[in-house]
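Enquirer: Handing over entry.txt, compact mmCIF, C-alpha atoms and all ligand atoms.
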# COMPACT_ATOMS: atom_id res chain seq x y z
CA MET A 120 146.29 146.30 -102.23
CA LEU A 121 148.31 145.82 -99.05
CA MET A 122 145.72 146.03 -96.25
CA LEU A 123 146.64 146.64 -92.64
CA SER A 124 145.02 144.21 -90.16
CA LYS A 125 142.35 145.39 -87.75
CA TYR A 126 144.66 145.57 -84.74
CA SER A 127 148.29 146.59 -84.99
CA ILE A 128 150.98 147.85 -82.66
CA GLY A 129 153.84 150.15 -83.52
CA VAL A 130 156.94 148.80 -81.85
CA GLY A 131 159.84 151.19 -81.81
CA ASP A 132 163.20 149.50 -81.43
CA ARG A 133 165.70 152.34 -81.20
CA PHE A 134 168.85 150.22 -81.07
CA ALA A 135 167.48 147.41 -83.28
CA HIS A 136 168.11 144.71 -80.65
CA GLN A 137 164.58 143.95 -79.37
CA ALA A 138 162.66 142.85 -82.45
CA LYS A 139 162.43 139.24 -81.24
CA ALA A 140 161.35 140.22 -77.73
CA GLN A 141 158.71 142.52 -79.24
CA LEU A 142 157.48 139.90 -81.68
CA ARG A 143 157.16 137.43 -78.79
CA ALA A 144 154.61 139.80 -77.20
CA CYS A 145 152.49 139.66 -80.39
CA MET A 146 152.84 135.87 -80.42
CA LYS A 147 151.67 135.74 -76.85
CA ALA A 148 148.62 137.85 -77.76
CA GLU A 149 147.92 135.45 -80.61
CA GLU A 150 148.09 132.49 -78.21
CA HIS A 151 145.43 134.29 -76.18
CA GLY A 152 143.17 134.79 -79.19
CA ALA A 153 144.07 138.34 -80.25
CA GLU A 154 145.70 138.98 -83.63
CA VAL A 155 147.80 142.12 -83.31
CA VAL A 156 150.38 142.62 -86.05
CA PRO A 157 153.68 144.35 -85.33
CA VAL A 158 154.78 147.47 -87.17
CA TRP A 159 158.39 148.42 -86.51
CA ASN A 160 158.48 152.21 -86.52
CA LYS A 161 161.42 154.58 -86.37
CA SER A 162 161.42 158.23 -87.33
CA HIS A 163 164.01 160.28 -89.17
CA ARG A 164 164.65 162.11 -85.87
CA GLU A 165 165.39 158.84 -84.05
CA HIS A 166 167.69 157.66 -86.84
CA THR A 167 169.54 160.99 -86.75
CA THR A 168 169.90 160.94 -82.95
CA ILE A 169 171.18 157.38 -82.94
CA GLY A 170 173.13 157.49 -86.19
CA SER A 171 171.29 154.53 -87.74
CA GLU A 172 169.99 153.87 -91.24
CA PRO A 173 166.37 152.98 -92.14
CA GLY A 174 167.49 149.66 -93.62
CA SER A 175 168.57 148.44 -90.17
CA VAL A 176 164.94 148.40 -88.97
CA ARG A 177 163.91 146.18 -91.90
CA ALA A 178 166.86 143.85 -91.31
CA ALA A 179 166.04 143.43 -87.61
CA ALA A 180 162.33 142.86 -88.31
CA ASP A 181 162.97 140.32 -91.08
CA ALA A 182 165.46 138.41 -88.92
CA ALA A 183 163.09 138.23 -85.94
CA VAL A 184 160.15 137.10 -88.09
CA LYS A 185 162.26 134.41 -89.72
CA GLU A 186 163.78 133.15 -86.52
CA LEU A 187 160.50 132.97 -84.60
CA GLY A 188 158.44 131.71 -87.55
CA TRP A 189 155.81 134.50 -87.47
CA LYS A 190 153.39 133.79 -90.32
CA LYS A 191 151.11 136.83 -89.99
CA PRO A 192 151.84 140.18 -91.64
CA TYR A 193 154.32 142.68 -90.26
CA TYR A 194 155.42 146.09 -91.47
CA VAL A 195 158.23 148.61 -91.26
CA ASP A 196 157.00 152.18 -90.72
CA ALA A 197 158.81 155.30 -91.92
CA ASP A 198 157.51 157.28 -88.98
CA HIS A 199 156.74 161.00 -89.31
CA ILE A 200 158.31 161.40 -92.73
CA ARG A 201 158.13 164.49 -94.88
CA LEU A 202 159.00 165.13 -98.51
CA GLU A 203 162.59 166.04 -97.61
CA THR A 204 163.16 162.93 -95.44
CA VAL A 205 161.19 160.19 -97.21
CA ASP A 206 163.75 159.06 -99.80
CA GLY A 207 165.97 157.24 -97.32
CA PHE A 208 163.00 155.05 -96.40
CA LEU A 209 161.80 154.08 -99.87
CA ALA A 210 163.81 150.86 -100.13
CA SER A 211 163.07 149.43 -96.68
CA SER A 212 159.61 150.61 -95.54
CA ASP A 213 156.16 149.40 -96.52
CA PHE A 214 154.29 151.68 -94.12
CA TYR A 215 154.56 155.47 -94.30
CA THR A 216 153.40 157.91 -91.65
CA ILE A 217 153.10 161.14 -93.58
CA ASP A 218 153.52 164.03 -91.18
CA VAL A 219 151.98 167.29 -92.31
CA ALA A 220 151.57 168.98 -88.94
CA ASP A 221 153.93 171.78 -90.00
CA SER A 222 151.58 172.77 -92.81
CA ILE A 223 148.48 172.96 -90.62
CA GLY A 224 147.29 176.53 -90.33
CA LYS A 225 149.28 177.70 -93.35
CA PRO A 226 146.77 179.03 -95.84
CA ALA A 227 146.02 177.16 -99.06
CA VAL A 228 145.43 179.30 -102.14
CA ALA A 229 142.03 180.97 -101.91
CA ASP A 230 140.82 179.38 -105.14
CA ALA A 231 141.52 175.89 -103.80
CA VAL A 232 139.53 176.61 -100.64
CA LYS A 233 136.64 177.97 -102.69
CA ALA A 234 136.75 174.99 -105.06
CA PHE A 235 136.74 172.59 -102.10
CA ALA A 236 133.70 174.31 -100.57
CA ASP A 237 131.92 174.33 -103.96
CA GLN A 238 132.51 170.63 -104.35
CA HIS A 239 131.44 169.83 -100.79
CA SER A 240 128.04 171.44 -100.37
CA ASP A 241 127.31 168.05 -98.77
CA LEU A 242 129.31 169.20 -95.72
CA VAL A 243 127.13 172.29 -95.23
CA GLY A 244 123.97 172.27 -93.14
CA ARG A 245 122.72 169.78 -90.60
CA LEU A 246 124.95 166.72 -90.43
CA THR A 247 123.80 163.64 -88.58
CA ILE A 248 126.59 161.18 -87.93
CA PRO A 249 125.54 157.79 -86.53
CA GLY A 250 127.15 157.34 -83.12
CA ILE A 251 127.23 161.06 -82.30
CA ASP A 252 124.20 162.21 -80.32
CA ALA A 253 123.67 165.76 -81.50
CA PRO A 254 123.75 166.64 -85.21
CA PHE A 255 126.32 169.24 -86.30
CA GLN A 256 125.26 172.47 -87.88
CA THR A 257 127.87 173.77 -90.30
CA THR A 258 127.79 176.75 -92.62
CA ARG A 259 129.72 177.27 -95.83
CA ALA A 260 131.86 179.75 -93.90
CA ASP A 261 132.73 176.97 -91.41
CA VAL A 262 133.77 174.64 -94.22
CA GLU A 263 135.91 177.38 -95.77
CA ARG A 264 137.52 178.20 -92.42
CA ILE A 265 138.38 174.55 -91.72
CA ALA A 266 139.59 173.99 -95.28
CA GLY A 267 141.65 177.16 -94.92
CA LYS A 268 143.40 175.60 -91.93
CA TYR A 269 143.91 172.05 -93.24
CA LEU A 270 143.75 172.01 -97.05
CA LEU A 271 147.39 172.92 -97.60
CA ALA A 272 148.46 170.17 -95.19
CA VAL A 273 146.35 167.59 -97.03
CA GLN A 274 147.68 168.76 -100.40
CA GLU A 275 151.19 168.31 -99.01
CA ALA A 276 150.24 164.78 -97.85
CA GLY A 277 149.05 164.12 -101.41
CA ARG A 278 152.41 165.22 -102.84
CA ILE A 279 154.29 162.95 -100.44
CA TYR A 280 151.92 160.03 -101.10
CA ARG A 281 152.37 160.34 -104.88
CA HIS A 282 156.13 160.57 -104.47
CA ILE A 283 156.15 157.27 -102.51
CA ALA A 284 153.68 155.65 -104.93
CA SER A 285 155.81 156.56 -107.93
CA ALA A 286 158.79 154.82 -106.32
CA LYS A 287 157.06 151.78 -104.82
CA GLY A 288 153.89 151.34 -106.85
CA GLU A 289 150.32 151.97 -105.72
CA GLY A 290 148.84 149.49 -103.26
CA ARG A 291 152.26 148.25 -102.20
CA PHE A 292 152.48 150.16 -98.94
CA ILE A 293 150.27 151.31 -96.07
CA THR A 294 149.59 155.04 -95.76
CA GLU A 295 149.04 156.87 -92.50
CA VAL A 296 148.52 160.61 -92.20
CA SER A 297 149.51 162.14 -88.87
CA MET A 298 148.29 165.44 -87.50
CA ASP A 299 149.07 164.73 -83.86
CA GLU A 300 151.98 167.11 -83.41
CA THR A 301 149.90 170.26 -83.51
CA ASP A 302 148.43 172.68 -80.97
CA SER A 303 144.78 171.69 -80.57
CA PRO A 304 142.67 168.54 -81.05
CA GLN A 305 140.61 168.37 -84.24
CA THR A 306 136.84 168.66 -83.74
CA PRO A 307 134.49 166.16 -85.47
CA PRO A 308 133.62 168.64 -88.28
CA GLU A 309 137.34 169.31 -88.77
CA LEU A 310 138.12 165.61 -88.99
CA LEU A 311 135.31 165.17 -91.49
CA VAL A 312 136.63 167.99 -93.69
CA ILE A 313 140.16 166.57 -93.44
CA LEU A 314 138.96 163.12 -94.54
CA ALA A 315 136.96 164.62 -97.42
CA ALA A 316 140.07 166.45 -98.57
CA ILE A 317 142.20 163.29 -98.21
CA SER A 318 139.70 161.44 -100.37
CA ASP A 319 139.80 164.25 -102.95
CA GLU A 320 143.61 163.97 -103.02
CA GLY A 321 143.26 160.26 -103.80
CA ILE A 322 145.26 159.14 -100.75
CA PRO A 323 144.25 155.55 -99.82
CA ILE A 324 144.65 156.29 -96.13
CA GLN A 325 144.45 153.30 -93.76
CA THR A 326 145.33 155.00 -90.49
CA ILE A 327 144.94 158.57 -89.29
CA ALA A 328 146.56 160.07 -86.23
CA PRO A 329 144.59 163.07 -85.03
CA LYS A 330 145.56 165.05 -81.98
CA PHE A 331 143.60 163.97 -78.94
CA THR A 332 142.65 166.04 -75.94
CA GLY A 333 144.97 165.98 -72.90
CA ARG A 334 148.70 165.37 -72.59
CA PHE A 335 150.41 162.33 -74.07
CA ASN A 336 153.69 162.65 -72.22
CA LYS A 337 156.47 160.29 -73.22
CA GLY A 338 156.65 157.03 -71.31
CA VAL A 339 154.11 157.89 -68.61
CA ASP A 340 150.36 157.77 -68.15
CA TYR A 341 147.85 160.10 -69.78
CA VAL A 342 147.37 163.49 -68.13
CA GLY A 343 143.94 164.96 -68.75
CA ASP A 344 140.22 164.39 -68.52
CA VAL A 345 139.66 160.69 -69.27
CA ASN A 346 135.89 161.19 -69.74
CA GLN A 347 136.49 163.93 -72.30
CA PHE A 348 139.02 161.72 -74.06
CA GLU A 349 136.50 158.86 -74.19
CA LYS A 350 133.86 161.15 -75.68
CA GLU A 351 136.22 162.54 -78.34
CA PHE A 352 137.63 159.11 -79.15
CA ALA A 353 134.08 157.79 -79.74
CA GLU A 354 133.32 160.82 -81.94
CA ASP A 355 136.48 160.25 -83.97
CA LEU A 356 135.47 156.62 -84.54
CA ALA A 357 132.00 157.71 -85.63
CA VAL A 358 133.36 160.33 -88.06
CA ILE A 359 135.79 157.82 -89.57
CA ALA A 360 133.07 155.18 -90.12
CA PHE A 361 130.86 157.87 -91.68
CA ALA A 362 133.63 159.23 -93.91
CA VAL A 363 134.59 155.74 -95.14
CA ARG A 364 131.06 155.29 -96.52
CA LYS A 365 130.55 158.83 -97.69
CA PHE A 366 133.89 159.42 -99.41
CA GLY A 367 134.79 155.88 -100.42
CA LEU A 368 137.93 155.71 -98.27
CA PRO A 369 139.51 152.28 -97.53
CA GLN A 370 137.17 150.11 -95.43
CA ASN A 371 139.86 149.39 -92.85
CA LEU A 372 140.65 153.05 -92.12
CA LYS A 373 141.29 153.31 -88.40
CA LEU A 374 142.68 155.56 -85.71
CA SER A 375 146.37 155.60 -84.87
CA VAL A 376 147.25 156.62 -81.32
CA HIS A 377 150.72 158.14 -81.21
CA SER A 378 152.73 158.18 -77.98
CA GLY A 379 150.29 155.38 -77.17
CA SER A 380 152.55 153.44 -74.84
CA ASP A 381 152.04 153.71 -71.10
CA LYS A 382 148.65 155.49 -71.35
CA PHE A 383 147.20 152.93 -68.96
CA SER A 384 144.22 155.00 -67.82
CA LEU A 385 142.98 155.21 -71.44
CA TYR A 386 143.11 151.51 -72.26
CA ALA A 387 139.80 150.54 -70.65
CA PRO A 388 137.90 153.39 -72.39
CA ILE A 389 139.59 152.56 -75.72
CA ARG A 390 138.80 148.89 -75.33
CA ARG A 391 135.14 149.68 -74.57
CA ALA A 392 134.90 151.88 -77.67
CA LEU A 393 136.42 149.19 -79.91
CA ALA A 394 134.09 146.53 -78.50
CA ARG A 395 131.04 148.77 -79.01
CA THR A 396 131.87 149.82 -82.57
CA GLY A 397 133.92 146.96 -83.97
CA ALA A 398 136.55 149.51 -85.01
CA GLY A 399 140.22 148.64 -85.47
CA LEU A 400 143.17 150.38 -83.86
CA HIS A 401 146.84 151.13 -84.36
CA VAL A 402 148.83 152.07 -81.24
CA LYS A 403 152.33 153.45 -81.60
CA THR A 404 154.93 152.79 -78.98
CA ALA A 405 158.63 153.56 -79.17
CA GLY A 406 160.53 154.78 -76.13
CA THR A 407 158.83 152.39 -73.74
CA ASN A 408 160.95 149.63 -75.28
CA TRP A 409 164.20 151.55 -74.75
CA LEU A 410 163.20 152.08 -71.11
CA GLU A 411 162.79 148.32 -70.73
CA GLU A 412 166.32 147.90 -72.06
CA VAL A 413 167.59 150.11 -69.25
CA ILE A 414 165.46 148.23 -66.69
CA GLY A 415 166.89 144.95 -68.00
CA LEU A 416 170.45 146.28 -67.71
CA ALA A 417 169.79 147.34 -64.12
CA GLU A 418 168.20 144.02 -63.24
CA ALA A 419 171.16 142.12 -64.62
CA GLY A 420 173.34 143.72 -61.92
CA GLY A 421 177.12 144.07 -62.19
CA GLU A 422 178.28 145.91 -65.29
CA GLY A 423 174.73 146.17 -66.61
CA LEU A 424 173.61 148.01 -63.49
CA ALA A 425 176.72 150.20 -63.63
CA LEU A 426 175.92 151.16 -67.22
CA ALA A 427 172.29 151.97 -66.34
CA LYS A 428 173.55 154.25 -63.55
CA GLU A 429 176.01 155.89 -65.94
CA ILE A 430 173.19 156.59 -68.41
CA TYR A 431 171.15 158.22 -65.67
CA GLY A 432 174.09 160.29 -64.42
CA LYS A 433 174.95 161.60 -67.87
CA ALA A 434 171.28 162.29 -68.64
CA LEU A 435 171.11 164.32 -65.43
CA ASP A 436 174.20 166.32 -66.47
CA LYS A 437 172.69 167.05 -69.89
CA LYS A 438 169.11 167.37 -68.74
CA ASP A 439 168.35 170.72 -70.39
CA THR A 440 169.76 169.79 -73.80
CA LEU A 441 168.07 166.39 -73.80
CA CYS A 442 164.70 167.76 -72.71
CA ALA A 443 164.58 170.75 -75.09
CA PRO A 444 163.34 168.89 -78.22
CA TYR A 445 160.73 167.10 -76.12
CA ALA A 446 159.57 170.07 -74.04
CA ALA A 447 155.95 169.80 -75.22
CA VAL A 448 155.65 166.11 -74.36
CA ILE A 449 157.35 165.71 -70.98
CA ASP A 450 156.66 167.02 -67.46
CA ILE A 451 159.73 166.48 -65.31
CA ASP A 452 159.77 167.74 -61.72
CA ALA A 453 163.49 168.45 -61.26
CA SER A 454 163.12 168.36 -57.47
CA LYS A 455 162.12 164.68 -57.75
CA LEU A 456 165.27 163.65 -59.61
CA PRO A 457 167.69 161.81 -57.32
CA SER A 458 171.34 162.89 -57.36
CA LYS A 459 173.97 160.83 -59.18
CA GLU A 460 175.54 160.01 -55.81
CA GLU A 461 172.27 158.65 -54.46
CA VAL A 462 171.64 156.52 -57.56
CA ALA A 463 175.21 155.24 -57.47
CA GLY A 464 174.32 153.48 -54.21
CA TRP A 465 171.19 151.82 -55.57
CA SER A 466 170.68 148.07 -55.90
CA SER A 467 169.26 146.49 -59.08
CA GLU A 468 165.92 146.32 -57.35
CA GLN A 469 165.96 150.02 -56.40
CA PHE A 470 166.92 151.16 -59.91
CA ALA A 471 164.41 148.91 -61.67
CA SER A 472 161.53 149.83 -59.40
CA ALA A 473 162.18 153.58 -59.76
CA LEU A 474 162.13 153.23 -63.54
CA ARG A 475 159.51 150.55 -64.18
CA HIS A 476 156.03 151.93 -64.97
CA ASP A 477 154.20 150.37 -62.04
CA GLN A 478 152.05 153.10 -60.54
CA SER A 479 151.20 150.91 -57.55
CA CYS A 480 154.88 150.77 -56.56
CA PRO A 481 155.85 153.55 -54.09
CA ALA A 482 159.38 153.65 -55.51
CA PHE A 483 158.19 154.44 -59.07
CA ASN A 484 159.56 157.84 -60.11
CA PRO A 485 157.87 159.35 -63.22
CA SER A 486 160.37 162.23 -63.40
CA LEU A 487 163.33 159.84 -63.51
CA ARG A 488 161.49 157.73 -66.08
CA GLN A 489 160.85 160.69 -68.37
CA LEU A 490 164.44 161.89 -68.09
CA ILE A 491 165.76 158.47 -69.10
CA HIS A 492 163.12 158.36 -71.85
CA VAL A 493 164.66 161.39 -73.55
CA GLY A 494 168.17 160.19 -72.70
CA TYR A 495 168.59 157.56 -75.44
CA LYS A 496 171.11 159.84 -77.08
CA ILE A 497 173.46 159.08 -74.17
CA ALA A 498 173.28 155.36 -74.98
CA ALA A 499 173.77 156.12 -78.69
CA GLN A 500 176.96 158.03 -77.82
CA MET A 501 178.26 155.01 -75.91
CA GLY A 502 178.18 153.19 -79.26
CA ASP A 503 179.44 149.61 -79.17
CA ARG A 504 179.83 149.62 -75.41
CA TYR A 505 176.06 150.00 -75.07
CA LEU A 506 175.21 147.48 -77.80
CA LYS A 507 177.60 144.87 -76.37
CA MET A 508 176.01 145.26 -72.95
CA LEU A 509 172.56 144.73 -74.53
CA GLU A 510 173.84 141.39 -75.75
CA THR A 511 175.44 140.47 -72.43
CA CYS A 512 172.23 141.25 -70.54
CA GLU A 513 169.89 139.91 -73.23
CA PRO A 514 167.85 137.49 -71.07
CA THR A 515 166.79 140.04 -68.44
CA ILE A 516 166.20 142.71 -71.10
CA ALA A 517 164.08 140.44 -73.32
CA LYS A 518 161.95 139.38 -70.36
CA ASN A 519 161.20 143.03 -69.56
CA VAL A 520 160.57 144.09 -73.17
CA THR A 521 158.15 141.22 -73.84
CA GLY A 522 156.47 141.50 -70.44
CA ASN A 523 155.93 145.25 -70.75
CA LEU A 524 154.47 145.05 -74.26
CA TYR A 525 152.23 142.10 -73.51
CA ASP A 526 151.13 142.53 -69.88
CA ARG A 527 150.83 146.30 -69.79
CA HIS A 528 149.83 147.06 -73.41
CA LEU A 529 148.51 144.26 -75.62
CA LYS A 530 146.64 142.44 -72.88
CA PRO A 531 144.58 145.35 -71.51
CA LEU A 532 143.90 146.68 -75.02
CA PHE A 533 143.19 143.60 -77.09
CA VAL A 534 143.07 140.31 -75.18
CA GLN A 535 139.70 139.15 -73.87
CA GLY A 536 139.71 139.27 -70.06
ZN ZN A 601 153.53 160.85 -83.60
Show me the file's structure as structure tokens.
Expert:
Amino acid sequence: MLMLSKYSIGVGDRFAHQAKAQLRACMKAEEHGAEVVPVWNKSHREHTTIGSEPGSVRAAADAAVKELGWKKPYYVDADHIRLETVDGFLASSDFYTIDVADSIGKPAVADAVKAFADQHSDLVGRLTIPGIDAPFQTTRADVERIAGKYLLAVQEAGRIYRHIASAKGEGRFITEVSMDETDSPQTPPELLVILAAISDEGIPIQTIAPKFTGRFNKGVDYVGDVNQFEKEFAEDLAVIAFAVRKFGLPQNLKLSVHSGSDKFSLYAPIRRALARTGAGLHVKTAGTNWLEEVIGLAEAGGEGLALAKEIYGKALDKKDTLCAPYAAVIDIDASKLPSKEEVAGWSSEQFASALRHDQSCPAFNPSLRQLIHVGYKIAAQMGDRYLKMLETCEPTIAKNVTGNLYDRHLKPLFVQG
């Protein structure tokens, strides 16, 4: 069976031009003693916005791996797929993030809930989970309530898993189940019930993306109670380790942190938890790499800088349309967005330092960064003009893409200090 390594990083590459620069960050981590395997992820939504095909992600990944001589595993993730969108990814992906968030809260048939509760009397009563201080007290009514909320979603995940398995063959791809795009974080008893149901469905899940407490805004730091996050993260790890033994799930089952880029204030707590428990981790990043492309364009000066300014100006014009699909995962203060005229007068240095995620830099502007984050559609509409400029400015872009992934992500998370 294809087994995902202990540490892995999802590297989104929206315009399929940064695979080498991203792989270099993993190679750098390896030189410093940390094996972190790359997983190139791109969702149906990103493909639709950009007008790309799933096969292009595989082609870019294969080419980068070949050219740089990477000998460790790597994967191509069909990110957030559903039954109606999975088919386009069957030929090129070997990692599937099955998204069933839309089915959470929709009731399963009453008989299925009752059958689940009958079969899982082991989840009723006093549950002591190693690594969680206080035991949980659950009643049969609790189990039925939780199953009522999640069972349909897990059954849907089972249908999608079997559909992929029938096309690709069992054991020939990695399965993730994501429940991050929902309203409230799952409690430890909920996660335990979900994992029991996943086991019952026969899904050989290797990564699970729960919803965590706090806000995971796109491209910027975590907003929320870091101590509460650390507590819940530790509880999730404990429940997963417990469920692996109890339900016979794959030994390497680990957490997947979506929108995991740029959450700098969480990396020390996450690192502590991994060191304490020996758990693995998958962290998904996507838009942070596109932002580095824009920084690289700006740094290159000349036409590159002019194009970066044009992207900002058009994003500002279309702010409301661009932000609407991302409303739940961005917090832009419109009063902090500079005018097009002001930005037109900026130097490379001014543009790059407003956009680069360096919280110690007074010029850093998180509102501008989030607007450009959701503005990749503008670059997609520029078509060849944008792609040609990526090639012209390749050296400064690659330096920023590699540096961001390694220095600000892989190093604080995985490399020994
Ligand atoms: Zn996600």
Enquirer: For ligand ZN 601 (chain A), which residue out of A:Arg527, A:His199, A:Arg143, A:Lys433 is the nearest one, using only C-alpha atoms and all ligand atoms?
Expert: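 Result for the nearest residue to ligand ZN 601 (chain A): A:His199.
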Enquirer: Residues at most 12 Å from ligand ZN 601 (chain A), using all atoms listed in the file? Could they come as a PyMOL selection string?
Expert: chain A and resi 129+131+160-164+196-200+216-220+295-301+327-331+335-337+375-380+401-406+448
Enquirer: Write out as an MDAnalysis selection string the residues lying within 8 Å of Leu400 of chain A, counting all atoms listed in the file and excluding same-chain residues fewer than 5 positions away.
Expert: chainID A and resid 125:127 373:376 393
Enquirer: Work out how far apart atom CA of Glu422 of chain A and atom CA of Ala179 of chain A are and give it in Å to one decimal.
Expert: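 Between these atoms lies a distance of 25.6 Å.
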Enquirer: Measuring between all atoms listed in the file, which one of A:Ile248, A:Ala357, A:Leu426, A:Ala315 shows the shortest distance to Val262 of chain A?
Expert: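 Distance minimum relative to Val262 of chain A lands on A:Ala315.
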Enquirer: Counting all atoms listed in the file, select every polymer residue within 9 Å of (136.9, 163.8, -93.5) as defined in the file's coordinates, and provide the selection as a JSON list (two decimals) with C-alpha atoms, in the coordinates of the input.
Expert:
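result03.json was written with the following content:
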[["chain", "number", "residue", "atom", "x", "y", "z"],
["A", 307, "PRO", "CA", 134.49, 166.16, -85.47],
["A", 308, "PRO", "CA", 133.62, 168.64, -88.28],
["A", 309, "GLU", "CA", 137.34, 169.31, -88.77],
["A", 310, "LEU", "CA", 138.12, 165.61, -88.99],
["A", 311, "LEU", "CA", 135.31, 165.17, -91.49],
["A", 312, "VAL", "CA", 136.63, 167.99, -93.69],
["A", 313, "ILE", "CA", 140.16, 166.57, -93.44],
["A", 314, "LEU", "CA", 138.96, 163.12, -94.54],
["A", 315, "ALA", "CA", 136.96, 164.62, -97.42],
["A", 316, "ALA", "CA", 140.07, 166.45, -98.57],
["A", 317, "ILE", "CA", 142.20, 163.29, -98.21],
["A", 318, "SER", "CA", 139.70, 161.44, -100.37],
["A", 358, "VAL", "CA", 133.36, 160.33, -88.06],
["A", 359, "ILE", "CA", 135.79, 157.82, -89.57],
["A", 361, "PHE", "CA", 130.86, 157.87, -91.68],
["A", 362, "ALA", "CA", 133.63, 159.23, -93.91],
["A", 363, "VAL", "CA", 134.59, 155.74, -95.14],
["A", 366, "PHE", "CA", 133.89, 159.42, -99.41]]
Enquirer: Calculate how many Å separate atom CA of Asp230 of chain A from atom CA of Glu275 of chain A, rounding to one decimal.
Expert: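 Taking atom CA of Asp230 of chain A and atom CA of Glu275 of chain A, their separation equals 16.4 Å.
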Enquirer: Here is a test: counting only C-alpha atoms, which residue of A:Glu461, A:Ile279, A:Arg264, A:Val156 is nearest to Leu202 of chain A?
Expert: A:Ile279
Enquirer: Considering all atoms listed in the file, state which residue in the set A:Arg390, A:Lys365, A:Ser454, A:Asp213 is at the smallest distance from Glu349 of chain A.
Expert: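 Under the stated criterion, the closest residue is A:Arg390.
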Enquirer: Can you work out which one of A:Gln274, A:Leu121, A:Glu418, A:Asp439 has the shortest atom-to-atom distance to Thr294 of chain A, counting all atoms listed in the file?
Expert: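 Ranking A:Gln274, A:Leu121, A:Glu418, A:Asp439 by distance to Thr294 of chain A, first place goes to A:Leu121.
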Enquirer: When you draw a straight line from atom CA of Arg177 of chain A to atom CA of Val195 of chain A, how long is it in Å?
Expert: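 Between atom CA of Arg177 of chain A and atom CA of Val195 of chain A the gap is 6.2 Å.
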Enquirer: My list of candidates is A:Ala272, A:Gln325, A:Leu416, A:Asp340. Which is closest to Leu509 of chain A when distances are computed with all atoms listed in the file?
Expert: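 Looking only at the distances to Leu509 of chain A, the closest residue turns out to be A:Leu416.
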Enquirer: Quick one: residues within 12 Å of Tyr495 of chain A, all atoms listed in the file counted, chain neighbours fewer than 3 positions away excluded, as an MDAnalysis selection string?
Expert: chainID A and resid 132:134 165:170 405:413 427 430:431 433:434 437:438 441:442 488:492 498:502 505
Enquirer: Would you save the residues from that selection as an mmCIF file, in the coordinates of the input, using C-alpha atoms?
Expert:
data_model
loop_
_atom_site.group_PDB
_atom_site.id
_atom_site.type_symbol
_atom_site.label_atom_id
_atom_site.label_comp_id
_atom_site.auth_asym_id
_atom_site.auth_seq_id
_atom_site.Cartn_x
_atom_site.Cartn_y
_atom_site.Cartn_z
ATOM 1 C CA ASP A 132 163.200 149.500 -81.430
ATOM 2 C CA ARG A 133 165.700 152.340 -81.200
ATOM 3 C CA PHE A 134 168.850 150.220 -81.070
ATOM 4 C CA GLU A 165 165.390 158.840 -84.050
ATOM 5 C CA HIS A 166 167.690 157.660 -86.840
ATOM 6 C CA THR A 167 169.540 160.990 -86.750
ATOM 7 C CA THR A 168 169.900 160.940 -82.950
ATOM 8 C CA ILE A 169 171.180 157.380 -82.940
ATOM 9 C CA GLY A 170 173.130 157.490 -86.190
ATOM 10 C CA ALA A 405 158.630 153.560 -79.170
ATOM 11 C CA GLY A 406 160.530 154.780 -76.130
ATOM 12 C CA THR A 407 158.830 152.390 -73.740
ATOM 13 C CA ASN A 408 160.950 149.630 -75.280
ATOM 14 C CA TRP A 409 164.200 151.550 -74.750
ATOM 15 C CA LEU A 410 163.200 152.080 -71.110
ATOM 16 C CA GLU A 411 162.790 148.320 -70.730
ATOM 17 C CA GLU A 412 166.320 147.900 -72.060
ATOM 18 C CA VAL A 413 167.590 150.110 -69.250
ATOM 19 C CA ALA A 427 172.290 151.970 -66.340
ATOM 20 C CA ILE A 430 173.190 156.590 -68.410
ATOM 21 C CA TYR A 431 171.150 158.220 -65.670
ATOM 22 C CA LYS A 433 174.950 161.600 -67.870
ATOM 23 C CA ALA A 434 171.280 162.290 -68.640
ATOM 24 C CA LYS A 437 172.690 167.050 -69.890
ATOM 25 C CA LYS A 438 169.110 167.370 -68.740
ATOM 26 C CA LEU A 441 168.070 166.390 -73.800
ATOM 27 C CA CYS A 442 164.700 167.760 -72.710
ATOM 28 C CA ARG A 488 161.490 157.730 -66.080
ATOM 29 C CA GLN A 489 160.850 160.690 -68.370
ATOM 30 C CA LEU A 490 164.440 161.890 -68.090
ATOM 31 C CA ILE A 491 165.760 158.470 -69.100
ATOM 32 C CA HIS A 492 163.120 158.360 -71.850
ATOM 33 C CA ALA A 498 173.280 155.360 -74.980
ATOM 34 C CA ALA A 499 173.770 156.120 -78.690
ATOM 35 C CA GLN A 500 176.960 158.030 -77.820
ATOM 36 C CA MET A 501 178.260 155.010 -75.910
ATOM 37 C CA GLY A 502 178.180 153.190 -79.260
ATOM 38 C CA TYR A 505 176.060 150.000 -75.070
#
Enquirer: May I have the residues within 8 Å of Ala183 of chain A as a PyMOL selection string, using all atoms listed in the file and disregarding those fewer than 6 positions away in the same chain?
Expert: chain A and resi 138-139+142
Enquirer: Find the residues near Ala353 of chain A: any atom within 10 Å, counting all atoms listed in the file, skip ones fewer than 5 places away on the same chain, and give them as a JSON list (two decimals) with C-alpha atoms, keeping the file's coordinate frame.
Expert:
[["chain", "number", "residue", "atom", "x", "y", "z"],
["A", 250, "GLY", "CA", 127.15, 157.34, -83.12],
["A", 251, "ILE", "CA", 127.23, 161.06, -82.30],
["A", 347, "GLN", "CA", 136.49, 163.93, -72.30],
["A", 348, "PHE", "CA", 139.02, 161.72, -74.06],
["A", 358, "VAL", "CA", 133.36, 160.33, -88.06],
["A", 359, "ILE", "CA", 135.79, 157.82, -89.57],
["A", 388, "PRO", "CA", 137.90, 153.39, -72.39],
["A", 389, "ILE", "CA", 139.59, 152.56, -75.72],
["A", 391, "ARG", "CA", 135.14, 149.68, -74.57],
["A", 392, "ALA", "CA", 134.90, 151.88, -77.67],
["A", 393, "LEU", "CA", 136.42, 149.19, -79.91],
["A", 395, "ARG", "CA", 131.04, 148.77, -79.01],
["A", 396, "THR", "CA", 131.87, 149.82, -82.57]]
